[in-house]
Amino acid sequence: MLRALTLLLICQLLGEAIAVLANWPIPGPVLGLAFLLAGLLILRRSPDWLQDTSAGLLKHLSLLFVPASVGLVQHADRLKVEWLPLAAGVIVSTVAAIAVGAVVFVAVSRLIGAPAEGEDRKA
């Protein structure tokens with residue numbers, strides 16, 4: 001577990017360092033995730049120790065929402081004033097994420113040769 005957490009933190013640190021030094025608008029953790037993905041693609045598989053730790057982190061992912069919830073409570077006055085643009089942003093980004101997810105799913109399913117749900121299978 002320590003090895004996997006170290007790898008995850010190194011990837012995040014590397015991404016953060018590159019984002020700051022290059023002055024890119026991309027968040028460091030996103031770059032770190034890209035580095036981790038590139039490394040896993042080079043290996044062509046994910047090591048068991050990384051899979052086990054990742055599954056454990058995902059199991060407790062809801063704990064990461066606690067700080068965000070506290071932030072919402074602390075900014076309740078601001079939310080009362082700016083609720084309409086925030087609600088619009090949440091709705092539009094949710095619909096966009098669902099649409100992009102659907103498009104990517106269909107594209108990947110066609111790429112690997114498996115028909116997406118609802119598509120007619122060719123005989």
# chains A, B, ... in the order shown; residues from 1 in each chain; ligands from 1

$ residues_around --residues "Leu36 of chain A" --least-positions-apart "4" --cutoff "12 Å" --atoms "only C-alpha atoms" --output "list in words"
Ala4, Thr6, Leu7, Leu8, Leu9, Ile10, Cys11, Gln12, Leu13, Leu14, Gly15, Pro29, Val30, Leu31, Gly32, Leu40, Leu41, Ile42, Leu43, Arg45, Ser46 and Leu50 of chain A

$ write_last_selection --atoms "all heavy atoms" --output "short mmCIF file (atom, residue, chain, number, x, y, z; two decimals), in the first residue's frame"
data_model
loop_
_atom_site.label_atom_id
_atom_site.label_comp_id
_atom_site.auth_asym_id
_atom_site.auth_seq_id
_atom_site.Cartn_x
_atom_site.Cartn_y
_atom_site.Cartn_z
N ALA A 4 2.15 1.98 -3.49
CA ALA A 4 1.15 2.55 -4.39
C ALA A 4 0.86 4.01 -4.05
O ALA A 4 0.76 4.86 -4.94
CB ALA A 4 -0.14 1.73 -4.32
N THR A 6 2.88 6.06 -2.62
CA THR A 6 4.07 6.80 -3.03
C THR A 6 4.05 7.08 -4.52
O THR A 6 4.33 8.21 -4.96
CB THR A 6 5.35 6.02 -2.65
OG1 THR A 6 5.33 5.77 -1.25
CG2 THR A 6 6.59 6.79 -3.02
N LEU A 7 3.69 6.07 -5.31
CA LEU A 7 3.60 6.27 -6.76
C LEU A 7 2.56 7.32 -7.11
O LEU A 7 2.79 8.20 -7.94
CB LEU A 7 3.28 4.94 -7.45
CG LEU A 7 3.04 5.03 -8.96
CD1 LEU A 7 4.32 5.46 -9.68
CD2 LEU A 7 2.54 3.71 -9.50
N LEU A 8 1.39 7.25 -6.49
CA LEU A 8 0.34 8.22 -6.76
C LEU A 8 0.77 9.64 -6.39
O LEU A 8 0.54 10.59 -7.15
CB LEU A 8 -0.94 7.84 -6.01
CG LEU A 8 -1.63 6.55 -6.46
CD1 LEU A 8 -2.77 6.20 -5.51
CD2 LEU A 8 -2.12 6.66 -7.89
N LEU A 9 1.41 9.78 -5.24
CA LEU A 9 1.86 11.10 -4.82
C LEU A 9 3.00 11.63 -5.68
O LEU A 9 3.08 12.83 -5.96
CB LEU A 9 2.26 11.07 -3.35
CG LEU A 9 1.09 10.94 -2.38
CD1 LEU A 9 1.59 10.78 -0.96
CD2 LEU A 9 0.14 12.10 -2.50
N ILE A 10 3.89 10.75 -6.14
CA ILE A 10 4.97 11.18 -7.03
C ILE A 10 4.40 11.67 -8.35
O ILE A 10 4.83 12.69 -8.89
CB ILE A 10 5.99 10.05 -7.24
CG1 ILE A 10 6.83 9.87 -5.97
CG2 ILE A 10 6.89 10.31 -8.44
CD1 ILE A 10 7.75 8.67 -5.99
N CYS A 11 3.42 10.94 -8.89
CA CYS A 11 2.79 11.37 -10.15
C CYS A 11 2.12 12.72 -9.97
O CYS A 11 2.22 13.60 -10.82
CB CYS A 11 1.79 10.33 -10.62
SG CYS A 11 2.55 8.83 -11.26
N GLN A 12 1.43 12.90 -8.84
CA GLN A 12 0.76 14.17 -8.59
C GLN A 12 1.79 15.29 -8.41
O GLN A 12 1.62 16.39 -8.94
CB GLN A 12 -0.12 14.09 -7.35
CG GLN A 12 -0.86 15.39 -7.09
CD GLN A 12 -1.83 15.29 -5.93
OE1 GLN A 12 -2.04 14.23 -5.37
NE2 GLN A 12 -2.42 16.41 -5.59
N LEU A 13 2.86 15.03 -7.69
CA LEU A 13 3.90 16.04 -7.49
C LEU A 13 4.57 16.42 -8.81
O LEU A 13 4.80 17.60 -9.09
CB LEU A 13 4.95 15.52 -6.52
CG LEU A 13 6.15 16.44 -6.26
CD1 LEU A 13 5.69 17.72 -5.59
CD2 LEU A 13 7.18 15.73 -5.41
N LEU A 14 4.84 15.43 -9.63
CA LEU A 14 5.44 15.69 -10.94
C LEU A 14 4.50 16.54 -11.80
O LEU A 14 4.93 17.51 -12.44
CB LEU A 14 5.76 14.36 -11.64
CG LEU A 14 6.47 14.43 -12.98
CD1 LEU A 14 7.84 15.08 -12.82
CD2 LEU A 14 6.62 13.04 -13.56
N GLY A 15 3.23 16.19 -11.80
CA GLY A 15 2.26 16.98 -12.56
C GLY A 15 2.14 18.40 -12.04
O GLY A 15 2.08 19.36 -12.82
N PRO A 29 -2.71 17.77 -10.54
CA PRO A 29 -3.19 16.40 -10.39
C PRO A 29 -3.69 15.78 -11.69
O PRO A 29 -3.56 14.57 -11.89
CB PRO A 29 -4.32 16.54 -9.37
CG PRO A 29 -3.96 17.73 -8.57
CD PRO A 29 -3.31 18.67 -9.55
N VAL A 30 -4.21 16.61 -12.59
CA VAL A 30 -4.66 16.07 -13.89
C VAL A 30 -3.45 15.64 -14.71
O VAL A 30 -3.46 14.57 -15.34
CB VAL A 30 -5.51 17.12 -14.64
CG1 VAL A 30 -5.84 16.65 -16.05
CG2 VAL A 30 -6.79 17.42 -13.87
N LEU A 31 -2.39 16.44 -14.70
CA LEU A 31 -1.16 16.04 -15.40
C LEU A 31 -0.57 14.79 -14.76
O LEU A 31 -0.08 13.90 -15.45
CB LEU A 31 -0.14 17.18 -15.36
CG LEU A 31 -0.37 18.34 -16.31
CD1 LEU A 31 0.67 19.42 -16.07
CD2 LEU A 31 -0.33 17.88 -17.74
N GLY A 32 -0.60 14.74 -13.43
CA GLY A 32 -0.10 13.55 -12.73
C GLY A 32 -0.86 12.30 -13.11
O GLY A 32 -0.28 11.23 -13.30
N LEU A 40 1.13 3.25 -17.02
CA LEU A 40 0.38 1.99 -17.06
C LEU A 40 0.21 1.48 -18.48
O LEU A 40 0.20 0.27 -18.72
CB LEU A 40 -0.99 2.17 -16.38
CG LEU A 40 -0.95 2.42 -14.88
CD1 LEU A 40 -2.34 2.71 -14.35
CD2 LEU A 40 -0.32 1.26 -14.15
N LEU A 41 0.09 2.40 -19.44
CA LEU A 41 0.00 1.98 -20.84
C LEU A 41 1.32 1.37 -21.32
O LEU A 41 1.32 0.44 -22.12
CB LEU A 41 -0.40 3.15 -21.73
CG LEU A 41 -1.86 3.60 -21.61
CD1 LEU A 41 -2.09 4.87 -22.43
CD2 LEU A 41 -2.81 2.51 -22.05
N ILE A 42 2.42 1.91 -20.82
CA ILE A 42 3.72 1.35 -21.18
C ILE A 42 3.85 -0.06 -20.61
O ILE A 42 4.34 -0.98 -21.27
CB ILE A 42 4.86 2.27 -20.69
CG1 ILE A 42 4.86 3.55 -21.51
CG2 ILE A 42 6.21 1.57 -20.77
CD1 ILE A 42 5.78 4.63 -20.97
N LEU A 43 3.40 -0.24 -19.36
CA LEU A 43 3.45 -1.57 -18.73
C LEU A 43 2.45 -2.55 -19.34
O LEU A 43 2.61 -3.76 -19.24
CB LEU A 43 3.16 -1.46 -17.23
CG LEU A 43 4.24 -0.87 -16.35
CD1 LEU A 43 3.73 -0.75 -14.92
CD2 LEU A 43 5.49 -1.71 -16.39
N ARG A 45 -0.36 -3.22 -18.21
CA ARG A 45 -1.20 -3.80 -17.17
C ARG A 45 -0.98 -2.99 -15.89
O ARG A 45 -0.01 -2.27 -15.75
CB ARG A 45 -0.89 -5.26 -16.93
CG ARG A 45 0.47 -5.53 -16.33
CD ARG A 45 0.71 -7.01 -16.07
NE ARG A 45 1.89 -7.20 -15.28
CZ ARG A 45 1.95 -7.13 -13.96
NH1 ARG A 45 0.87 -6.87 -13.27
NH2 ARG A 45 3.07 -7.32 -13.32
N SER A 46 -1.90 -3.15 -14.97
CA SER A 46 -1.79 -2.47 -13.70
C SER A 46 -1.30 -3.47 -12.65
O SER A 46 -1.87 -4.55 -12.51
CB SER A 46 -3.15 -1.92 -13.29
OG SER A 46 -3.08 -1.31 -12.04
N LEU A 50 -1.06 -1.84 -6.96
CA LEU A 50 -1.69 -0.57 -7.30
C LEU A 50 -3.20 -0.73 -7.38
O LEU A 50 -3.96 0.14 -6.95
CB LEU A 50 -1.12 -0.03 -8.61
CG LEU A 50 -1.62 1.34 -9.06
CD1 LEU A 50 -1.28 2.39 -8.00
CD2 LEU A 50 -1.00 1.72 -10.39
#

$ atom_distance --atom1 "atom CA of Arg110 of chain A" --atom2 "atom CA of Leu33 of chain A"
25.5 Å

$ atom_distance --atom1 "atom CA of Ala88 of chain A" --atom2 "atom CA of Leu63 of chain A"
26.1 Å
